[in-house]
file start_5.txt (compact mmCIF, C-alpha atoms)
# COMPACT_ATOMS: atom_id res chain seq x y z
CA MET A 1 -7.00 38.08 19.33
CA PRO A 2 -3.92 39.53 21.06
CA TYR A 3 -0.47 38.11 20.36
CA SER A 4 -0.39 36.33 23.73
CA GLY A 5 -3.73 34.61 23.12
CA VAL A 6 -3.59 30.84 22.76
CA ARG A 7 -6.12 29.59 20.22
CA PRO A 8 -7.15 26.43 18.30
CA ALA A 9 -4.87 25.63 15.37
CA VAL A 10 -6.32 25.64 11.88
CA LEU A 11 -6.03 22.01 10.75
CA GLY A 12 -6.23 20.40 7.33
CA PRO A 13 -8.91 17.84 6.42
CA ARG A 14 -6.80 14.86 7.48
CA LEU A 15 -6.47 16.28 11.02
CA ASP A 16 -9.80 18.09 11.28
CA ARG A 17 -11.18 15.95 14.10
CA LEU A 18 -8.32 16.86 16.40
CA HIS A 19 -8.08 19.78 18.81
CA VAL A 20 -4.64 21.36 18.95
CA LEU A 21 -3.63 24.76 20.30
CA THR A 22 -1.24 27.34 18.91
CA LYS A 23 -0.34 31.04 19.01
CA PRO A 24 1.81 33.51 17.08
CA GLY A 25 5.47 32.57 17.35
CA VAL A 26 4.87 28.80 17.18
CA ARG A 27 6.09 27.03 14.04
CA GLY A 28 3.20 26.47 11.63
CA PHE A 29 0.93 29.17 13.09
CA PRO A 30 -2.01 29.58 12.47
CA GLY A 31 -2.03 25.89 11.61
CA VAL A 32 0.54 23.22 12.44
CA ASP A 33 3.95 22.63 10.90
CA ALA A 34 3.59 20.59 7.69
CA ALA A 35 6.35 18.12 8.63
CA GLN A 36 4.81 17.59 12.06
CA ALA A 37 1.42 16.97 10.47
CA LEU A 38 2.88 14.20 8.29
CA LEU A 39 4.72 12.84 11.33
CA MET A 40 1.40 12.66 13.18
CA GLU A 41 -0.28 10.83 10.31
CA THR A 42 2.60 8.34 10.02
CA MET A 43 2.66 7.53 13.73
CA ARG A 44 -1.12 7.15 13.77
CA LYS A 45 -0.92 4.74 10.83
CA ASP A 46 1.79 2.79 12.71
CA ARG A 47 -0.49 2.65 15.78
CA VAL A 48 2.17 4.06 18.08
CA ARG A 49 1.16 3.75 21.74
CA GLY A 50 2.65 4.45 25.17
CA GLU A 51 5.26 7.02 26.17
CA VAL A 52 6.49 9.22 23.29
CA LEU A 53 9.31 11.70 23.75
CA ASP A 54 8.75 14.61 21.36
CA LEU A 55 11.91 16.70 21.10
CA SER A 56 10.17 19.34 18.95
CA ALA A 57 6.69 19.39 20.48
CA MET A 58 5.56 22.79 19.10
CA GLY A 59 1.85 22.95 20.06
CA GLY A 60 1.66 19.33 21.21
CA LEU A 61 0.06 17.75 18.13
CA LEU A 62 1.45 14.27 18.89
CA GLY A 63 -0.35 14.32 22.23
CA ALA A 64 -3.59 13.85 20.25
CA LEU A 65 -2.50 10.34 19.23
CA THR A 66 -4.77 7.71 20.77
CA GLY A 67 -3.05 5.83 23.58
CA VAL A 68 0.01 8.10 23.65
CA THR A 69 1.39 9.83 26.74
CA LEU A 70 3.43 12.76 25.48
CA ARG A 71 6.71 13.88 26.96
CA ALA A 72 6.85 17.35 25.44
CA VAL A 73 10.21 19.08 24.99
CA GLU A 74 10.57 22.56 23.49
CA GLY A 75 13.03 25.44 23.23
CA SER A 76 10.51 28.01 22.00
CA ALA A 77 9.02 30.22 24.71
CA ALA A 78 5.89 30.70 22.60
CA ALA A 79 5.43 26.94 22.19
CA LEU A 80 6.07 26.32 25.89
CA ARG A 81 3.23 28.71 26.70
CA VAL A 82 0.89 26.80 24.38
CA LEU A 83 1.89 23.41 25.79
CA ARG A 84 1.21 24.57 29.35
CA GLU A 85 -2.16 25.98 28.27
CA ALA A 86 -2.95 22.55 26.77
CA GLY A 87 -2.43 20.94 30.18
CA LEU A 88 0.93 19.38 29.37
CA ASP A 89 4.00 19.82 31.54
CA PRO A 90 6.71 20.59 28.95
CA GLU A 91 10.44 20.49 29.50
CA PRO A 92 12.34 23.57 28.26
CA ALA A 93 15.44 22.20 26.52
CA ALA A 94 17.78 22.61 23.56
CA PRO A 95 19.82 20.08 21.54
CA GLY A 96 22.34 18.32 23.75
CA ASP A 97 20.48 18.73 27.03
CA VAL A 98 20.31 15.65 29.26
CA LEU A 99 16.65 15.05 30.08
CA THR A 100 17.05 13.78 33.65
CA ARG A 101 13.42 14.41 34.50
CA TRP A 102 12.50 11.06 32.89
CA PRO A 103 14.96 8.47 34.27
CA GLU A 104 13.59 5.69 32.03
CA ARG A 105 13.89 6.59 28.37
CA ALA A 106 10.82 6.36 26.15
CA ARG A 107 10.93 3.60 23.53
CA THR A 108 9.59 5.99 20.90
CA VAL A 109 11.15 9.37 20.12
CA ALA A 110 9.90 11.96 17.63
CA LEU A 111 11.73 14.91 16.10
CA VAL A 112 11.04 17.48 13.40
CA LEU A 113 14.29 18.67 11.87
CA ALA A 114 14.66 22.45 11.63
CA GLY A 115 16.66 22.41 8.42
CA ASP A 116 16.08 26.15 8.01
CA ARG A 117 18.42 26.67 10.99
CA GLY A 118 21.42 25.21 9.18
CA ASN A 119 23.49 22.04 8.99
CA ALA A 120 25.06 22.38 12.43
CA TYR A 121 21.69 22.64 14.15
CA ALA A 122 20.28 19.63 12.29
CA ALA A 123 23.40 17.64 13.21
CA ALA A 124 22.92 18.67 16.85
CA GLN A 125 19.28 17.57 16.68
CA VAL A 126 20.27 14.16 15.26
CA ALA A 127 22.93 13.63 17.94
CA TRP A 128 20.43 14.63 20.64
CA ALA A 129 17.79 12.26 19.31
CA HIS A 130 20.35 9.44 19.28
CA ALA A 131 21.29 10.11 22.90
CA CYS A 132 17.61 10.13 23.92
CA THR A 133 16.66 6.92 22.09
CA PRO A 134 17.48 3.65 23.92
CA PRO A 135 19.02 0.74 21.98
CA GLY A 136 16.15 -0.99 20.21
CA GLY A 137 14.03 2.15 20.44
CA THR A 138 12.47 3.88 17.44
CA LEU A 139 13.02 7.42 16.21
CA TYR A 140 10.47 9.05 13.92
CA LEU A 141 12.30 11.81 12.07
CA ALA A 142 10.41 14.39 9.99
CA GLY A 143 11.52 17.27 7.83
CA ASP A 144 11.55 19.10 4.55
CA ARG A 145 13.19 17.61 1.47
CA ASP A 146 14.17 21.11 0.31
CA LYS A 147 15.88 21.81 3.63
CA GLY A 148 18.30 18.88 3.54
CA PHE A 149 16.13 16.08 4.89
CA ASP A 150 17.66 13.30 2.77
CA ARG A 151 21.16 14.31 3.85
CA TYR A 152 20.18 14.38 7.52
CA VAL A 153 18.47 10.98 7.28
CA ARG A 154 21.73 9.51 5.95
CA MET A 155 23.53 11.12 8.88
CA ALA A 156 21.00 9.67 11.31
CA GLY A 157 21.13 6.25 9.64
CA ALA A 158 24.90 6.08 10.11
CA ALA A 159 24.42 6.60 13.84
CA PHE A 160 21.28 4.52 14.35
CA GLY A 161 22.28 1.64 12.09
CA SER A 162 19.02 1.19 10.26
CA GLY A 163 16.14 3.21 8.94
CA GLU A 164 14.31 4.42 5.87
CA THR A 165 11.96 7.10 4.65
CA VAL A 166 8.44 5.76 5.12
CA ALA A 167 6.15 8.70 4.26
CA ARG A 168 6.12 11.50 1.68
CA ASP A 169 3.69 14.33 1.12
CA GLY A 170 4.77 17.11 -1.24
CA GLY A 171 8.16 18.17 0.05
CA MET A 172 7.64 16.73 3.53
CA ARG A 173 9.25 13.45 4.58
CA VAL A 174 9.18 11.06 7.57
CA ALA A 175 11.80 8.39 8.28
CA ARG A 176 11.65 5.59 10.83
CA LEU A 177 14.92 4.48 12.43
CA VAL A 178 15.70 1.80 15.01
CA ARG A 179 18.72 2.41 17.18
CA ARG A 180 21.50 -0.15 17.50
CA PRO A 181 23.97 0.02 20.45
CA GLY A 182 26.80 2.40 19.78
CA PRO A 183 28.27 5.79 20.59
CA THR A 184 26.31 8.99 20.12
CA PRO A 185 27.77 11.39 17.53
CA PRO A 186 29.40 14.47 19.08
CA LEU A 187 27.56 17.78 19.08
CA PRO A 188 28.94 20.38 16.67
CA GLU A 189 31.25 22.94 18.24
CA PRO A 190 30.03 26.53 18.68
CA GLU A 191 31.10 29.08 16.11
CA GLY A 192 32.38 32.49 17.08
CA TYR A 193 33.87 35.78 15.98
CA GLU A 194 35.07 39.15 17.22
CA ALA A 195 33.08 42.25 16.24
CA TYR A 196 32.41 45.69 17.71
CA GLY A 197 34.59 44.90 20.73
CA VAL A 198 32.58 41.77 21.53
CA THR A 199 33.48 38.08 21.49
CA VAL A 200 30.41 36.36 20.07
CA VAL A 201 29.75 32.68 20.86
CA GLY A 202 27.37 31.23 18.28
CA LEU A 203 25.75 27.94 19.24
CA PRO A 204 24.39 25.75 16.41
CA GLY A 205 21.21 27.14 14.89
CA VAL A 206 21.46 30.60 16.42
CA PHE A 207 20.91 33.55 14.08
CA SER A 208 24.17 35.23 13.05
CA ALA A 209 26.25 32.54 14.78
CA ALA A 210 29.27 32.72 12.46
CA LYS A 211 29.44 36.42 11.57
CA PRO A 212 27.45 39.61 12.08
CA ASP A 213 24.46 39.72 9.76
CA LYS A 214 24.23 42.77 7.51
CA ALA A 215 21.19 44.24 9.24
CA THR A 216 22.72 44.08 12.72
CA ALA A 217 25.96 45.59 11.44
CA LEU A 218 24.01 48.46 9.86
CA LEU A 219 22.13 49.02 13.13
CA LEU A 220 25.33 49.20 15.17
CA ASP A 221 27.09 51.38 12.61
CA SER A 222 24.18 53.83 12.80
CA LEU A 223 24.66 54.07 16.60
CA GLU A 224 28.33 54.98 16.38
CA GLY A 225 27.83 58.32 18.15
CA LEU A 226 25.43 57.00 20.80
CA ASP A 227 26.62 56.82 24.43
CA PRO A 228 24.40 54.38 26.37
CA ARG A 229 26.53 54.60 29.52
CA GLY A 230 24.40 54.23 32.67
CA GLN A 231 21.23 53.53 30.70
CA ASP A 232 18.90 50.54 30.95
CA VAL A 233 19.06 48.92 27.50
CA LEU A 234 16.89 46.08 26.17
CA ASP A 235 18.14 43.92 23.28
CA LEU A 236 14.85 42.36 22.17
CA GLY A 237 15.33 39.21 20.04
CA CYS A 238 19.01 39.04 20.95
CA GLY A 239 20.12 35.95 18.99
CA ALA A 240 23.80 35.38 19.79
CA GLY A 241 23.85 38.60 21.81
CA LEU A 242 25.96 40.98 19.74
CA ILE A 243 23.70 44.04 20.13
CA GLY A 244 23.18 43.68 23.87
CA ALA A 245 26.85 42.95 24.45
CA TRP A 246 27.73 46.04 22.37
CA ALA A 247 25.61 48.12 24.76
CA ALA A 248 27.10 46.45 27.84
CA ARG A 249 30.62 47.11 26.51
CA ARG A 250 29.71 50.81 26.44
CA GLY A 251 28.55 50.90 30.04
CA ALA A 252 24.84 50.16 29.73
CA ARG A 253 22.86 47.94 32.07
CA ALA A 254 21.91 45.43 29.39
CA VAL A 255 19.06 42.92 29.34
CA LEU A 256 19.01 40.50 26.41
CA VAL A 257 15.81 38.62 25.57
CA ASP A 258 14.99 35.88 23.07
CA GLY A 259 12.17 33.40 22.61
CA ASP A 260 14.60 30.64 21.57
CA LEU A 261 16.39 28.86 24.41
CA GLN A 262 19.44 28.04 22.29
CA SER A 263 19.81 31.75 21.48
CA VAL A 264 19.55 32.75 25.14
CA ARG A 265 22.35 30.35 26.02
CA SER A 266 24.42 31.71 23.14
CA ALA A 267 23.87 35.27 24.40
CA GLN A 268 24.87 34.24 27.93
CA ALA A 269 28.05 32.69 26.55
CA THR A 270 28.77 35.86 24.54
CA LEU A 271 28.51 38.05 27.63
CA GLN A 272 30.77 35.68 29.59
CA ALA A 273 33.36 35.35 26.81
CA SER A 274 33.43 39.14 26.46
CA GLY A 275 33.87 39.70 30.20
CA LEU A 276 30.64 41.68 30.38
CA SER A 277 27.82 41.83 32.89
CA GLY A 278 24.26 41.58 31.67
CA GLU A 279 21.17 39.43 31.88
CA ALA A 280 19.89 37.06 29.18
CA LEU A 281 16.28 35.88 29.54
CA HIS A 282 14.17 33.26 27.79
CA SER A 283 10.90 35.02 27.04
CA ASP A 284 8.05 35.09 24.54
CA VAL A 285 8.77 38.69 23.47
CA ASP A 286 8.59 40.66 26.76
CA ALA A 287 6.39 38.27 28.78
CA GLU A 288 9.11 37.52 31.38
CA LEU A 289 10.17 41.12 32.00
CA GLY A 290 7.67 41.84 34.75
CA GLU A 291 7.32 45.59 35.31
CA ARG A 292 10.75 46.54 33.96
CA THR A 293 11.14 49.52 31.66
CA PHE A 294 14.12 50.83 29.68
CA ASP A 295 15.79 53.95 28.35
CA LEU A 296 16.71 52.34 25.05
CA LEU A 297 15.36 49.36 23.10
CA LEU A 298 17.47 47.95 20.26
CA THR A 299 16.13 45.24 17.97
CA ASN A 300 16.57 43.35 14.73
CA PRO A 301 13.17 41.64 14.91
CA PRO A 302 12.59 38.24 13.33
CA PHE A 303 10.12 37.96 10.49
CA HIS A 304 10.41 34.20 9.87
CA VAL A 305 9.00 31.38 11.99
CA GLY A 306 10.21 28.23 10.28
CA ARG A 307 9.86 28.67 6.50
CA GLY A 308 7.13 31.27 6.45
CA VAL A 309 7.27 35.04 6.56
CA VAL A 310 5.26 35.91 9.68
CA LEU A 311 5.08 39.50 10.89
CA ASP A 312 3.03 38.84 14.04
CA VAL A 313 6.17 38.50 16.17
CA ALA A 314 7.86 41.62 14.79
CA ARG A 315 4.69 43.65 15.31
CA GLU A 316 4.55 42.42 18.89
CA PHE A 317 8.15 43.61 19.31
CA ILE A 318 6.96 47.11 18.40
CA ALA A 319 3.99 46.80 20.76
CA ALA A 320 6.43 45.70 23.48
CA ALA A 321 8.46 48.84 22.82
CA GLY A 322 5.35 50.82 23.68
CA ARG A 323 5.12 48.98 27.00
CA ARG A 324 8.80 48.96 27.87
CA VAL A 325 10.39 52.22 26.72
CA ARG A 326 10.14 55.08 29.21
CA PRO A 327 8.93 58.56 28.27
CA GLY A 328 11.87 60.28 26.60
CA GLY A 329 13.41 56.90 25.80
CA ARG A 330 14.30 55.63 22.36
CA VAL A 331 13.56 52.67 20.10
CA VAL A 332 15.97 51.77 17.29
CA LEU A 333 14.93 49.01 14.87
CA VAL A 334 16.53 47.56 11.74
CA ALA A 335 14.49 45.74 9.11
CA ASN A 336 14.44 44.62 5.49
CA ASP A 337 13.54 47.59 3.34
CA PRO A 338 10.07 46.38 2.19
CA LEU A 339 8.77 45.47 5.66
CA PRO A 340 6.00 47.88 6.70
CA TYR A 341 6.92 48.79 10.28
CA GLU A 342 6.69 52.58 10.02
CA GLU A 343 2.96 52.73 10.73
CA GLU A 344 3.25 50.73 13.96
CA LEU A 345 6.31 52.69 15.08
CA ALA A 346 4.54 55.99 14.44
CA ARG A 347 2.13 55.13 17.26
CA LEU A 348 5.06 55.59 19.64
CA GLY A 349 6.26 58.90 18.23
CA PRO A 350 7.72 60.51 15.10
CA VAL A 351 9.75 58.00 13.06
CA GLN A 352 13.25 58.94 11.93
CA GLN A 353 15.21 57.00 9.31
CA LEU A 354 18.83 56.77 10.47
CA ARG A 355 20.29 54.68 7.63
CA ARG A 356 19.10 52.98 4.45
CA GLU A 357 21.43 50.79 2.41
CA GLY A 358 21.96 47.27 1.14
CA GLY A 359 18.24 46.46 1.27
CA PHE A 360 17.88 47.43 4.95
CA LYS A 361 16.68 50.44 6.89
CA VAL A 362 17.33 51.64 10.44
CA LEU A 363 14.37 53.40 12.04
CA ALA A 364 14.31 55.30 15.32
CA VAL A 365 11.57 56.72 17.54
CA THR A 366 11.98 58.91 20.60
CA ARG A 367 8.99 58.62 22.90
CA PRO A 368 7.48 61.93 23.96
CA ALA A 369 8.58 62.89 27.48

call {"tool": "encode", "arguments": {"input": "start_5.txt", "output": "structure tokens"}}
result
Amino acid sequence: MPYSGVRPAVLGPRLDRLHVLTKPGVRGFPGVDAAQALLMETMRKDRVRGEVLDLSAMGGLLGALTGVTLRAVEGSAAALRVLREAGLDPEPAAPGDVLTRWPERARTVALVLAGDRGNAYAAAQVAWAHACTPPGGTLYLAGDRDKGFDRYVRMAGAAFGSGETVARDGGMRVARLVRRPGPTPPLPEPEGYEAYGVTVVGLPGVFSAAKPDKATALLLDSLEGLDPRGQDVLDLGCGAGLIGAWAARRGARAVLVDGDLQSVRSAQATLQASGLSGEALHSDVDAELGERTFDLLLTNPPFHVGRGVVLDVAREFIAAAGRRVRPGGRVVLVANDPLPYEEELARLGPVQQLRREGGFKVLAVTRPA
């Protein structure tokens, strides 16, 4: 099935009577996220009914709960596509957003902590959940013990006033908290740095928020002699926006794309803080680009979705390069040394290795004119 195809999720025996959709790029694909699965089982055991606000809806698993009307919120473009295909009307949002679309707050809120995105992001998620839960309302909080869950539950308990871990399965955990009246904890401040003539604004949870990652630095160092002035340049999987802003600083017409809404906002803030023009789009790979094509595509493609190594997204990045790069145009990609991207890139043209060091490689392809 193609990358864009929405399909039934592969479910374990305890969920096998349910029908849930997914696609590449959604956490847990080709199944469902393990913490969300335990969350589902816990809420079903508690006989949760009525309106449920799910701040990390993924493929909409909690909507399968009997008697539940799901308010689905997501920041992943891939997950938003799945939720719409499932007949839900999801709200694109990131931690801290005020969800004005539902004036009356749901009495039950659910959240899967993305501990793999760092402490600041988890703290932002907890603060957001607190703001969205009315006094007396219940938050079901799920996550991974090995990704800081116990620490984040203590953080949430200090804000909510009561709560405890009520379910365990392997490393997965679910806590139930009831909110007392009181102030919502502040959101963590953005991080930032100066690099390559760019002022980067890193929002919580965004890749390379505090400093340039080694792979991106190697990519940009390998382009030292490149002049993209006047060219249409696509930064695919932009994160905090350093690569696209680098191109814009050098006179390119830059478009920055990411499937994560928090990253898109970070990239927009980077362009603004750097005094640069450019466009940052929320898109499942290139789905929102219409008919646009480019002279140059630069990318440090992701190969993790949640905890797992998943190459479906990175391979779709290369397929997108085939759709988006004009004849005579160029693709430059950086990747971990062992990742097998050369074969896919060779379908676009002869592959050149620009740099190889520190466990990374920079590969380039010029499309035949």

call {"tool": "closest_residue", "arguments": {"input": "start_5.txt", "among": "A:His130, A:Arg229, A:Arg168, A:Arg315", "to": "Asp144 of chain A", "atoms": "only C-alpha atoms"}}
result
A:Arg168

call {"tool": "atom_distance", "arguments": {"input": "start_5.txt", "atom1": "atom CA of Pro301 of chain A", "atom2": "atom CA of Ser274 of chain A"}}
result
23.5 Å

call {"tool": "closest_residue", "arguments": {"input": "start_5.txt", "among": "A:Phe360, A:Tyr140, A:Phe29, A:Tyr121", "to": "Arg44 of chain A", "atoms": "all atoms listed in the file"}}
result
A:Tyr140

call {"tool": "atom_distance", "arguments": {"input": "start_5.txt", "atom1": "atom CA of Pro2 of chain A", "atom2": "atom CA of Val73 of chain A"}}
result
25.2 Å

call {"tool": "closest_atom_pairs", "arguments": {"input": "start_5.txt", "of": "segment 226-345 of chain A", "to": "segment 4-15 of chain A", "cutoff": "12 Å", "atoms": "all atoms listed in the file", "output": "Markdown table"}}
result
| residue | atom | partner | partner_atom | distance |
| --- | --- | --- | --- | --- |
| A:Ser283 | CA | A:Ser4 | CA | 11.8 |
| A:Asp284 | CA | A:Ser4 | CA | 8.6 |
| A:Val285 | CA | A:Ser4 | CA | 9.5 |
| A:Asp286 | CA | A:Ser4 | CA | 10.4 |
| A:Ala287 | CA | A:Ser4 | CA | 8.7 |
| A:Asp312 | CA | A:Ser4 | CA | 10.6 |
| A:Val313 | CA | A:Ser4 | CA | 10.2 |
| A:Glu316 | CA | A:Ser4 | CA | 9.2 |
| A:Ala319 | CA | A:Ser4 | CA | 11.7 |
| A:Ala320 | CA | A:Ser4 | CA | 11.6 |

call {"tool": "residues_around", "arguments": {"input": "start_5.txt", "residues": "segment 80-83 of chain A", "least_positions_apart": "3", "cutoff": "9 Å", "atoms": "only C-alpha atoms", "output": "VMD selection string"}}
result
chain A and resid 4 6 to 7 21 to 23 26 57 to 60 72 to 77 86 to 92 284

call {"tool": "residues_around", "arguments": {"input": "start_5.txt", "residues": "Met43 of chain A", "least_positions_apart": "6", "cutoff": "10 Å", "atoms": "all atoms listed in the file", "output": "PDB file with C-alpha atoms, in the frame of the given file"}}
result
ATOM      1  CA  ARG A  49       1.160   3.750  21.740  1.00  0.00           C
ATOM      2  CA  LEU A  62       1.450  14.270  18.890  1.00  0.00           C
ATOM      3  CA  LEU A  65      -2.500  10.340  19.230  1.00  0.00           C
ATOM      4  CA  ALA A 110       9.900  11.960  17.630  1.00  0.00           C
ATOM      5  CA  TYR A 140      10.470   9.050  13.920  1.00  0.00           C
ATOM      6  CA  VAL A 174       9.180  11.060   7.570  1.00  0.00           C
ATOM      7  CA  ARG A 176      11.650   5.590  10.830  1.00  0.00           C
TER       8      ARG A 176
END

call {"tool": "residues_around", "arguments": {"input": "start_5.txt", "residues": "segment 298-300 of chain A", "least_positions_apart": "2", "cutoff": "7 Å", "atoms": "all atoms listed in the file", "output": "ChimeraX atom specification"}}
result
/A:216,234-237,296,302,331-335

call {"tool": "closest_residue", "arguments": {"input": "start_5.txt", "among": "A:Glu189, A:Asp150, A:Glu224, A:Glu104", "to": "Ala124 of chain A", "atoms": "only C-alpha atoms"}}
result
A:Glu189

call {"tool": "closest_residue", "arguments": {"input": "start_5.txt", "among": "A:Val257, A:Leu203, A:Val126, A:Leu113", "to": "Gln36 of chain A", "atoms": "all atoms listed in the file"}}
result
A:Leu113

call {"tool": "closest_residue", "arguments": {"input": "start_5.txt", "among": "A:Asp258, A:Glu342, A:Glu279, A:Glu41", "to": "Ala78 of chain A", "atoms": "all atoms listed in the file"}}
result
A:Asp258

call {"tool": "atom_distance", "arguments": {"input": "start_5.txt", "atom1": "atom CA of Ala267 of chain A", "atom2": "atom CA of Ala129 of chain A"}}
result
24.3 Å

call {"tool": "closest_residue", "arguments": {"input": "start_5.txt", "among": "A:Gly358, A:Gly328, A:Pro368, A:Pro204", "to": "Arg117 of chain A", "atoms": "only C-alpha atoms"}}
result
A:Pro204

call {"tool": "residues_around", "arguments": {"input": "start_5.txt", "residues": "Gly349 of chain A", "least_positions_apart": "5", "cutoff": "10 Å", "atoms": "only C-alpha atoms", "output": "mmCIF file with C-alpha atoms, in the frame of the given file"}}
result
data_model
loop_
_atom_site.group_PDB
_atom_site.id
_atom_site.type_symbol
_atom_site.label_atom_id
_atom_site.label_comp_id
_atom_site.auth_asym_id
_atom_site.auth_seq_id
_atom_site.Cartn_x
_atom_site.Cartn_y
_atom_site.Cartn_z
ATOM 1 C CA GLY A 322 5.350 50.820 23.680
ATOM 2 C CA ARG A 330 14.300 55.630 22.360
ATOM 3 C CA VAL A 331 13.560 52.670 20.100
ATOM 4 C CA GLU A 344 3.250 50.730 13.960
ATOM 5 C CA ALA A 364 14.310 55.300 15.320
ATOM 6 C CA VAL A 365 11.570 56.720 17.540
ATOM 7 C CA THR A 366 11.980 58.910 20.600
ATOM 8 C CA ARG A 367 8.990 58.620 22.900
ATOM 9 C CA PRO A 368 7.480 61.930 23.960
#

call {"tool": "residues_around", "arguments": {"input": "start_5.txt", "residues": "Arg292 of chain A", "least_positions_apart": "2", "cutoff": "12 Å", "atoms": "only C-alpha atoms", "output": "JSON, numbers by chain"}}
result
{"A": [232, 233, 234, 255, 286, 287, 288, 289, 290, 294, 295, 320, 321, 323, 324, 325, 326]}

call {"tool": "build_atoms", "arguments": {"input": "start_5.txt", "residues": "segment 134-140 of chain A", "atoms": "all heavy atoms", "output": "mmCIF file, in the frame of the given file"}}
result
data_model
loop_
_atom_site.group_PDB
_atom_site.id
_atom_site.type_symbol
_atom_site.label_atom_id
_atom_site.label_comp_id
_atom_site.auth_asym_id
_atom_site.auth_seq_id
_atom_site.Cartn_x
_atom_site.Cartn_y
_atom_site.Cartn_z
ATOM 1 N N PRO A 134 16.772 4.819 23.396
ATOM 2 C CA PRO A 134 17.480 3.650 23.920
ATOM 3 C C PRO A 134 17.759 2.641 22.812
ATOM 4 O O PRO A 134 17.059 2.622 21.787
ATOM 5 C CB PRO A 134 16.493 3.077 24.943
ATOM 6 C CG PRO A 134 15.146 3.489 24.436
ATOM 7 C CD PRO A 134 15.344 4.837 23.800
ATOM 8 N N PRO A 135 18.786 1.815 22.966
ATOM 9 C CA PRO A 135 19.020 0.740 21.980
ATOM 10 C C PRO A 135 17.744 -0.088 21.787
ATOM 11 O O PRO A 135 17.094 -0.484 22.752
ATOM 12 C CB PRO A 135 20.141 -0.073 22.613
ATOM 13 C CG PRO A 135 20.888 0.918 23.453
ATOM 14 C CD PRO A 135 19.834 1.834 24.010
ATOM 15 N N GLY A 136 17.392 -0.295 20.537
ATOM 16 C CA GLY A 136 16.150 -0.990 20.210
ATOM 17 C C GLY A 136 14.960 -0.069 20.105
ATOM 18 O O GLY A 136 13.893 -0.489 19.641
ATOM 19 N N GLY A 137 15.118 1.179 20.524
ATOM 20 C CA GLY A 137 14.030 2.150 20.440
ATOM 21 C C GLY A 137 13.907 2.710 19.029
ATOM 22 O O GLY A 137 14.800 2.582 18.192
ATOM 23 N N THR A 138 12.778 3.369 18.774
ATOM 24 C CA THR A 138 12.470 3.880 17.440
ATOM 25 C C THR A 138 12.450 5.405 17.447
ATOM 26 O O THR A 138 11.847 6.022 18.339
ATOM 27 C CB THR A 138 11.099 3.362 16.973
ATOM 28 O OG1 THR A 138 11.134 1.932 16.935
ATOM 29 C CG2 THR A 138 10.753 3.895 15.586
ATOM 30 N N LEU A 139 13.089 5.979 16.444
ATOM 31 C CA LEU A 139 13.020 7.420 16.210
ATOM 32 C C LEU A 139 12.199 7.679 14.953
ATOM 33 O O LEU A 139 12.485 7.115 13.887
ATOM 34 C CB LEU A 139 14.421 8.010 16.022
ATOM 35 C CG LEU A 139 14.464 9.467 15.525
ATOM 36 C CD1 LEU A 139 13.928 10.420 16.589
ATOM 37 C CD2 LEU A 139 15.875 9.861 15.095
ATOM 38 N N TYR A 140 11.190 8.525 15.073
ATOM 39 C CA TYR A 140 10.470 9.050 13.920
ATOM 40 C C TYR A 140 11.033 10.436 13.631
ATOM 41 O O TYR A 140 10.971 11.329 14.478
ATOM 42 C CB TYR A 140 8.969 9.133 14.203
ATOM 43 C CG TYR A 140 8.266 7.797 14.148
ATOM 44 C CD1 TYR A 140 8.187 6.976 15.270
ATOM 45 C CD2 TYR A 140 7.680 7.354 12.963
ATOM 46 C CE1 TYR A 140 7.537 5.752 15.214
ATOM 47 C CE2 TYR A 140 7.028 6.118 12.904
ATOM 48 C CZ TYR A 140 6.962 5.333 14.028
ATOM 49 O OH TYR A 140 6.315 4.113 13.969
#
